[in-house]
file query00.pdb (PDB, C-alpha atoms)
ATOM      1  CA  MET E 716     -19.635   4.245  18.124  1.00  0.00           C
ATOM      2  CA  PRO E 717     -22.044   6.580  16.398  1.00  0.00           C
ATOM      3  CA  VAL E 718     -22.152   7.866  12.860  1.00  0.00           C
ATOM      4  CA  TYR E 719     -20.094  11.058  12.396  1.00  0.00           C
ATOM      5  CA  ALA E 720     -20.539  14.057  10.108  1.00  0.00           C
ATOM      6  CA  MET E 721     -17.493  14.237   7.847  1.00  0.00           C
ATOM      7  CA  LYS E 722     -16.597  16.454   4.888  1.00  0.00           C
ATOM      8  CA  VAL E 723     -15.793  15.049   1.438  1.00  0.00           C
ATOM      9  CA  VAL E 724     -12.299  16.292   0.535  1.00  0.00           C
ATOM     10  CA  ALA E 725     -11.685  14.059  -2.511  1.00  0.00           C
ATOM     11  CA  LYS E 726     -13.681  11.879  -4.899  1.00  0.00           C
ATOM     12  CA  ALA E 727     -12.462   9.551  -7.647  1.00  0.00           C
ATOM     13  CA  ALA E 728     -14.054   6.914  -9.851  1.00  0.00           C
ATOM     14  CA  HIS E 729     -13.074   3.333  -9.022  1.00  0.00           C
ATOM     15  CA  GLU E 730     -10.907   1.920 -11.812  1.00  0.00           C
ATOM     16  CA  LYS E 731     -12.376  -1.602 -11.622  1.00  0.00           C
ATOM     17  CA  THR E 732     -16.094  -0.783 -11.709  1.00  0.00           C
ATOM     18  CA  ASP E 733     -18.318   2.049 -12.885  1.00  0.00           C
ATOM     19  CA  LYS E 734     -20.674   1.598  -9.921  1.00  0.00           C
ATOM     20  CA  LEU E 735     -18.339   2.777  -7.137  1.00  0.00           C
ATOM     21  CA  PHE E 736     -16.476   5.905  -6.061  1.00  0.00           C
ATOM     22  CA  ILE E 737     -13.447   6.249  -3.800  1.00  0.00           C
ATOM     23  CA  TYR E 738     -13.977   9.085  -1.334  1.00  0.00           C
ATOM     24  CA  THR E 739     -11.723  10.747   1.179  1.00  0.00           C
ATOM     25  CA  PHE E 740     -13.717  12.053   4.143  1.00  0.00           C
ATOM     26  CA  GLU E 741     -12.247  14.261   6.850  1.00  0.00           C
ATOM     27  CA  SER E 742     -13.156  15.569  10.279  1.00  0.00           C
ATOM     28  CA  PRO E 743     -11.107  17.178  13.081  1.00  0.00           C
ATOM     29  CA  GLN E 744     -11.883  14.300  15.463  1.00  0.00           C
ATOM     30  CA  HIS E 745     -11.224  11.396  13.080  1.00  0.00           C
ATOM     31  CA  GLY E 746      -8.738  12.689  10.523  1.00  0.00           C
ATOM     32  CA  GLN E 747      -9.038  11.362   6.983  1.00  0.00           C
ATOM     33  CA  ARG E 748     -10.856   8.163   6.042  1.00  0.00           C
ATOM     34  CA  THR E 749     -10.909   6.500   2.633  1.00  0.00           C
ATOM     35  CA  ILE E 750     -14.290   4.944   1.894  1.00  0.00           C
ATOM     36  CA  VAL E 751     -15.515   3.110  -1.184  1.00  0.00           C
ATOM     37  CA  ALA E 752     -19.221   3.818  -1.792  1.00  0.00           C
ATOM     38  CA  ASN E 753     -21.842   3.159  -4.465  1.00  0.00           C
ATOM     39  CA  LEU E 754     -23.535   5.594  -6.851  1.00  0.00           C
ATOM     40  CA  GLU E 755     -26.825   5.615  -4.927  1.00  0.00           C
ATOM     41  CA  ASN E 756     -25.173   7.809  -2.289  1.00  0.00           C
ATOM     42  CA  SER E 757     -23.084  10.030  -4.530  1.00  0.00           C
ATOM     43  CA  TYR E 758     -21.397  12.966  -2.810  1.00  0.00           C
ATOM     44  CA  GLU E 759     -19.358  15.860  -4.163  1.00  0.00           C
ATOM     45  CA  VAL E 760     -16.249  17.503  -2.715  1.00  0.00           C
ATOM     46  CA  GLY E 761     -17.379  19.894   0.013  1.00  0.00           C
ATOM     47  CA  ASP E 762     -20.486  17.875   0.946  1.00  0.00           C
ATOM     48  CA  ILE E 763     -21.019  16.745   4.526  1.00  0.00           C
ATOM     49  CA  ALA E 764     -22.068  13.109   4.913  1.00  0.00           C
ATOM     50  CA  GLY E 765     -22.771  10.668   7.709  1.00  0.00           C
ATOM     51  CA  VAL E 766     -19.873   8.231   8.061  1.00  0.00           C
ATOM     52  CA  ALA E 767     -19.887   5.071  10.158  1.00  0.00           C
ATOM     53  CA  VAL E 768     -16.301   4.304  11.243  1.00  0.00           C
ATOM     54  CA  GLU E 769     -14.762   1.001  12.346  1.00  0.00           C
ATOM     55  CA  GLY E 770     -16.638  -0.528  15.260  1.00  0.00           C
ATOM     56  CA  THR E 771     -19.928   1.262  14.589  1.00  0.00           C
ATOM     57  CA  VAL E 772     -22.878  -1.072  15.141  1.00  0.00           C
ATOM     58  CA  LEU E 773     -25.742  -0.666  12.681  1.00  0.00           C
ATOM     59  CA  PRO E 774     -28.821  -2.922  12.497  1.00  0.00           C
ATOM     60  CA  GLY E 775     -27.458  -6.339  11.509  1.00  0.00           C
ATOM     61  CA  LEU E 776     -23.960  -5.014  10.766  1.00  0.00           C
ATOM     62  CA  VAL E 777     -20.725  -4.065  12.540  1.00  0.00           C
ATOM     63  CA  ILE E 778     -18.540  -1.760  10.417  1.00  0.00           C
ATOM     64  CA  GLN E 779     -15.087  -3.203   9.759  1.00  0.00           C
ATOM     65  CA  PRO E 780     -12.316  -2.074   7.401  1.00  0.00           C
ATOM     66  CA  ARG E 781     -12.219  -4.120   4.201  1.00  0.00           C
ATOM     67  CA  LYS E 782     -11.008  -4.094   0.627  1.00  0.00           C
ATOM     68  CA  VAL E 783     -13.570  -3.335  -2.085  1.00  0.00           C
ATOM     69  CA  PHE E 784     -12.336  -4.332  -5.531  1.00  0.00           C
ATOM     70  CA  GLY E 785      -8.781  -4.025  -4.207  1.00  0.00           C
ATOM     71  CA  VAL E 786      -9.171  -0.624  -2.507  1.00  0.00           C
ATOM     72  CA  HIS E 787      -9.029  -0.335   1.301  1.00  0.00           C
ATOM     73  CA  SER E 788     -12.227   1.141   2.750  1.00  0.00           C
ATOM     74  CA  ASP E 789     -12.274   2.483   6.350  1.00  0.00           C
ATOM     75  CA  GLY E 790     -16.012   2.618   6.948  1.00  0.00           C
ATOM     76  CA  MET E 791     -19.392   3.261   5.388  1.00  0.00           C
ATOM     77  CA  ALA E 792     -20.936   6.503   4.117  1.00  0.00           C
TER      78      ALA E 792
END
call {"tool": "encode", "arguments": {"input": "query00.pdb", "output": "C-alpha coordinates"}}
result
Amino acid sequence: MPVYAMKVVAKAAHEKTDKLFIYTFESPQHGQRTIVANLENSYEVGDIAGVAVEGTVLPGLVIQPRKVFGVHSDGMA
(Lines of atoms letter the chains of each structure in order from A and count residues from 1; the text may use other names and numbers.)
(Lines give C-alpha, C1' and ligand atoms only; values in the text may rest on other atoms or scores of the structure.)
Protein backbone atom coordinates (compact mmCIF):
# COMPACT_ATOMS: atom_id res chain seq x y z
CA MET A 1 0.00 0.00 0.00
CA PRO A 2 1.29 3.46 -0.77
CA VAL A 3 1.27 6.63 1.28
CA TYR A 4 -1.93 8.66 0.80
CA ALA A 5 -2.60 12.40 0.88
CA MET A 6 -5.06 13.07 3.69
CA LYS A 7 -6.46 16.27 5.20
CA VAL A 8 -6.07 17.15 8.88
CA VAL A 9 -9.59 17.63 10.28
CA ALA A 10 -8.71 17.71 14.00
CA LYS A 11 -5.64 18.16 16.19
CA ALA A 12 -5.28 17.81 19.96
CA ALA A 13 -2.39 17.70 22.40
CA HIS A 14 -1.73 14.29 23.95
CA GLU A 15 -2.62 14.37 27.65
CA LYS A 16 0.25 12.09 28.73
CA THR A 17 3.16 13.80 26.97
CA ASP A 18 3.99 17.23 25.60
CA LYS A 19 5.87 15.74 22.64
CA LEU A 20 2.91 14.21 20.77
CA PHE A 21 -0.30 15.30 19.06
CA ILE A 22 -3.43 13.29 18.29
CA TYR A 23 -4.58 13.99 14.74
CA THR A 24 -7.66 13.01 12.81
CA PHE A 25 -6.89 12.69 9.10
CA GLU A 26 -9.56 12.21 6.44
CA SER A 27 -9.81 11.30 2.78
CA PRO A 28 -12.72 10.16 0.58
CA GLN A 29 -11.05 6.80 -0.10
CA HIS A 30 -9.98 5.97 3.47
CA GLY A 31 -12.42 7.79 5.74
CA GLN A 32 -11.08 9.10 9.03
CA ARG A 33 -7.90 7.86 10.69
CA THR A 34 -6.64 8.77 14.15
CA ILE A 35 -2.85 9.05 14.23
CA VAL A 36 -0.53 9.96 17.07
CA ALA A 37 2.49 11.91 15.78
CA ASN A 38 5.46 13.83 17.18
CA LEU A 39 6.16 17.57 17.15
CA GLU A 40 8.79 17.33 14.40
CA ASN A 41 5.98 16.83 11.87
CA SER A 42 3.43 19.25 13.27
CA TYR A 43 0.38 19.85 11.09
CA GLU A 44 -2.55 22.23 11.45
CA VAL A 45 -6.23 21.65 10.68
CA GLY A 46 -6.69 22.03 6.92
CA ASP A 47 -3.16 20.86 6.05
CA ILE A 48 -2.66 17.96 3.65
CA ALA A 49 -0.13 15.36 4.79
CA GLY A 50 1.23 12.04 3.60
CA VAL A 51 -0.26 9.22 5.67
CA ALA A 52 0.91 5.61 5.65
CA VAL A 53 -2.04 3.36 6.56
CA GLU A 54 -2.04 -0.18 7.97
CA GLY A 55 -0.08 -2.57 5.78
CA THR A 56 2.09 0.09 4.14
CA VAL A 57 5.67 -1.12 3.77
CA LEU A 58 8.34 1.52 4.38
CA PRO A 59 12.10 0.86 4.50
CA GLY A 60 12.59 -1.42 7.51
CA LEU A 61 9.01 -0.98 8.74
CA VAL A 62 5.49 -2.31 8.12
CA ILE A 63 2.80 0.07 9.42
CA GLN A 64 0.51 -1.56 11.98
CA PRO A 65 -2.13 -0.06 14.28
CA ARG A 66 -0.86 0.40 17.83
CA LYS A 67 -1.46 2.29 21.04
CA VAL A 68 0.82 5.25 21.78
CA PHE A 69 0.65 6.31 25.42
CA GLY A 70 -2.80 4.70 25.59
CA VAL A 71 -4.23 6.25 22.40
CA HIS A 72 -5.00 4.06 19.37
CA SER A 73 -3.05 5.15 16.28
CA ASP A 74 -4.10 3.91 12.80
CA GLY A 75 -0.95 4.71 10.85
CA MET A 76 1.94 7.10 10.44
CA ALA A 77 1.99 10.70 9.19
call {"tool": "residues_around", "arguments": {"input": "query00.pdb", "residues": "stretch 739-749 of chain E", "least_positions_apart": "6", "cutoff": "7 Å", "atoms": "all atoms listed in the file", "output": "PyMOL selection string"}}
result
chain E and resi 721-726+788-789
call {"tool": "atom_distance", "arguments": {"input": "query00.pdb", "atom1": "atom CA of E:Leu773", "atom2": "atom CA of E:Lys734"}}
result
23.3 Å
call {"tool": "residues_around", "arguments": {"input": "query00.pdb", "residues": "E:Arg781", "least_positions_apart": "5", "cutoff": "12 Å", "atoms": "only C-alpha atoms", "output": "list of chain:residue names"}}
result
E:Thr749, E:Ile750, E:Val751, E:Val768, E:Glu769, E:Val786, E:His787, E:Ser788, E:Asp789, E:Gly790, E:Met791
call {"tool": "closest_residue", "arguments": {"input": "query00.pdb", "among": "E:Ala767, E:Lys782, E:Pro717, E:Ser757", "to": "E:Tyr738", "atoms": "only C-alpha atoms"}}
result
E:Ser757
call {"tool": "atom_distance", "arguments": {"input": "query00.pdb", "atom1": "atom CA of E:Thr732", "atom2": "atom CA of E:Gln779"}}
result
21.6 Å
call {"tool": "residues_around", "arguments": {"input": "query00.pdb", "residues": "E:Ala728", "least_positions_apart": "5", "cutoff": "7 Å", "atoms": "only C-alpha atoms", "output": "list in words"}}
result
Leu735, Phe736 and Ile737 of chain E
call {"tool": "residues_near_point", "arguments": {"input": "query00.pdb", "point": "(-11.4, -1.1, -6.8)", "cutoff": "6 Å", "atoms": "all atoms listed in the file", "output": "PDB file with C-alpha atoms, in the frame of the given file"}}
result
ATOM      1  CA  HIS E 729     -13.074   3.333  -9.022  1.00  0.00           C
ATOM      2  CA  GLU E 730     -10.907   1.920 -11.812  1.00  0.00           C
ATOM      3  CA  LYS E 731     -12.376  -1.602 -11.622  1.00  0.00           C
ATOM      4  CA  VAL E 783     -13.570  -3.335  -2.085  1.00  0.00           C
ATOM      5  CA  PHE E 784     -12.336  -4.332  -5.531  1.00  0.00           C
ATOM      6  CA  GLY E 785      -8.781  -4.025  -4.207  1.00  0.00           C
ATOM      7  CA  VAL E 786      -9.171  -0.624  -2.507  1.00  0.00           C
TER       8      VAL E 786
END
call {"tool": "closest_residue", "arguments": {"input": "query00.pdb", "among": "E:Val760, E:Ala727, E:Val766, E:Val772", "to": "E:Ala792", "atoms": "only C-alpha atoms"}}
result
E:Val766
call {"tool": "decode", "arguments": {"input": "query00.pdb", "residues": "stretch 741-754 of chain E", "atoms": "N, CA, C and O atoms", "output": "JSON list (two decimals), in the first residue's frame"}}
result
[["chain", "number", "residue", "atom", "x", "y", "z"],
["E", 741, "GLU", "N", -8.39, 12.68, 7.19],
["E", 741, "GLU", "CA", -9.56, 12.21, 6.44],
["E", 741, "GLU", "C", -9.27, 12.27, 4.95],
["E", 741, "GLU", "O", -8.59, 13.18, 4.47],
["E", 742, "SER", "N", -9.82, 11.27, 4.25],
["E", 742, "SER", "CA", -9.81, 11.30, 2.78],
["E", 742, "SER", "C", -11.05, 10.55, 2.31],
["E", 742, "SER", "O", -11.57, 9.69, 3.02],
["E", 743, "PRO", "N", -11.53, 10.86, 1.09],
["E", 743, "PRO", "CA", -12.72, 10.16, 0.58],
["E", 743, "PRO", "C", -12.51, 8.65, 0.46],
["E", 743, "PRO", "O", -13.42, 7.88, 0.73],
["E", 744, "GLN", "N", -11.31, 8.22, 0.11],
["E", 744, "GLN", "CA", -11.05, 6.80, -0.10],
["E", 744, "GLN", "C", -10.86, 6.02, 1.20],
["E", 744, "GLN", "O", -11.14, 4.84, 1.27],
["E", 745, "HIS", "N", -10.37, 6.69, 2.25],
["E", 745, "HIS", "CA", -9.98, 5.97, 3.47],
["E", 745, "HIS", "C", -10.73, 6.42, 4.72],
["E", 745, "HIS", "O", -10.43, 5.95, 5.82],
["E", 746, "GLY", "N", -11.67, 7.32, 4.58],
["E", 746, "GLY", "CA", -12.42, 7.79, 5.74],
["E", 746, "GLY", "C", -11.53, 8.51, 6.72],
["E", 746, "GLY", "O", -10.53, 9.12, 6.34],
["E", 747, "GLN", "N", -11.87, 8.43, 8.00],
["E", 747, "GLN", "CA", -11.08, 9.10, 9.03],
["E", 747, "GLN", "C", -10.11, 8.12, 9.69],
["E", 747, "GLN", "O", -10.45, 6.95, 9.90],
["E", 748, "ARG", "N", -8.94, 8.63, 10.00],
["E", 748, "ARG", "CA", -7.90, 7.86, 10.69],
["E", 748, "ARG", "C", -7.35, 8.70, 11.84],
["E", 748, "ARG", "O", -7.02, 9.87, 11.65],
["E", 749, "THR", "N", -7.27, 8.11, 13.01],
["E", 749, "THR", "CA", -6.64, 8.77, 14.15],
["E", 749, "THR", "C", -5.18, 8.34, 14.18],
["E", 749, "THR", "O", -4.87, 7.14, 14.12],
["E", 750, "ILE", "N", -4.28, 9.33, 14.24],
["E", 750, "ILE", "CA", -2.85, 9.05, 14.23],
["E", 750, "ILE", "C", -2.17, 9.91, 15.28],
["E", 750, "ILE", "O", -2.39, 11.12, 15.35],
["E", 751, "VAL", "N", -1.34, 9.26, 16.09],
["E", 751, "VAL", "CA", -0.53, 9.96, 17.07],
["E", 751, "VAL", "C", 0.82, 10.24, 16.42],
["E", 751, "VAL", "O", 1.45, 9.34, 15.87],
["E", 752, "ALA", "N", 1.25, 11.51, 16.45],
["E", 752, "ALA", "CA", 2.49, 11.91, 15.78],
["E", 752, "ALA", "C", 3.28, 12.89, 16.64],
["E", 752, "ALA", "O", 2.72, 13.56, 17.51],
["E", 753, "ASN", "N", 4.58, 12.97, 16.39],
["E", 753, "ASN", "CA", 5.46, 13.83, 17.18],
["E", 753, "ASN", "C", 5.48, 15.27, 16.69],
["E", 753, "ASN", "O", 4.95, 15.61, 15.65],
["E", 754, "LEU", "N", 6.11, 16.14, 17.47],
["E", 754, "LEU", "CA", 6.16, 17.57, 17.15],
["E", 754, "LEU", "C", 7.01, 17.90, 15.92],
["E", 754, "LEU", "O", 6.83, 18.95, 15.32]]
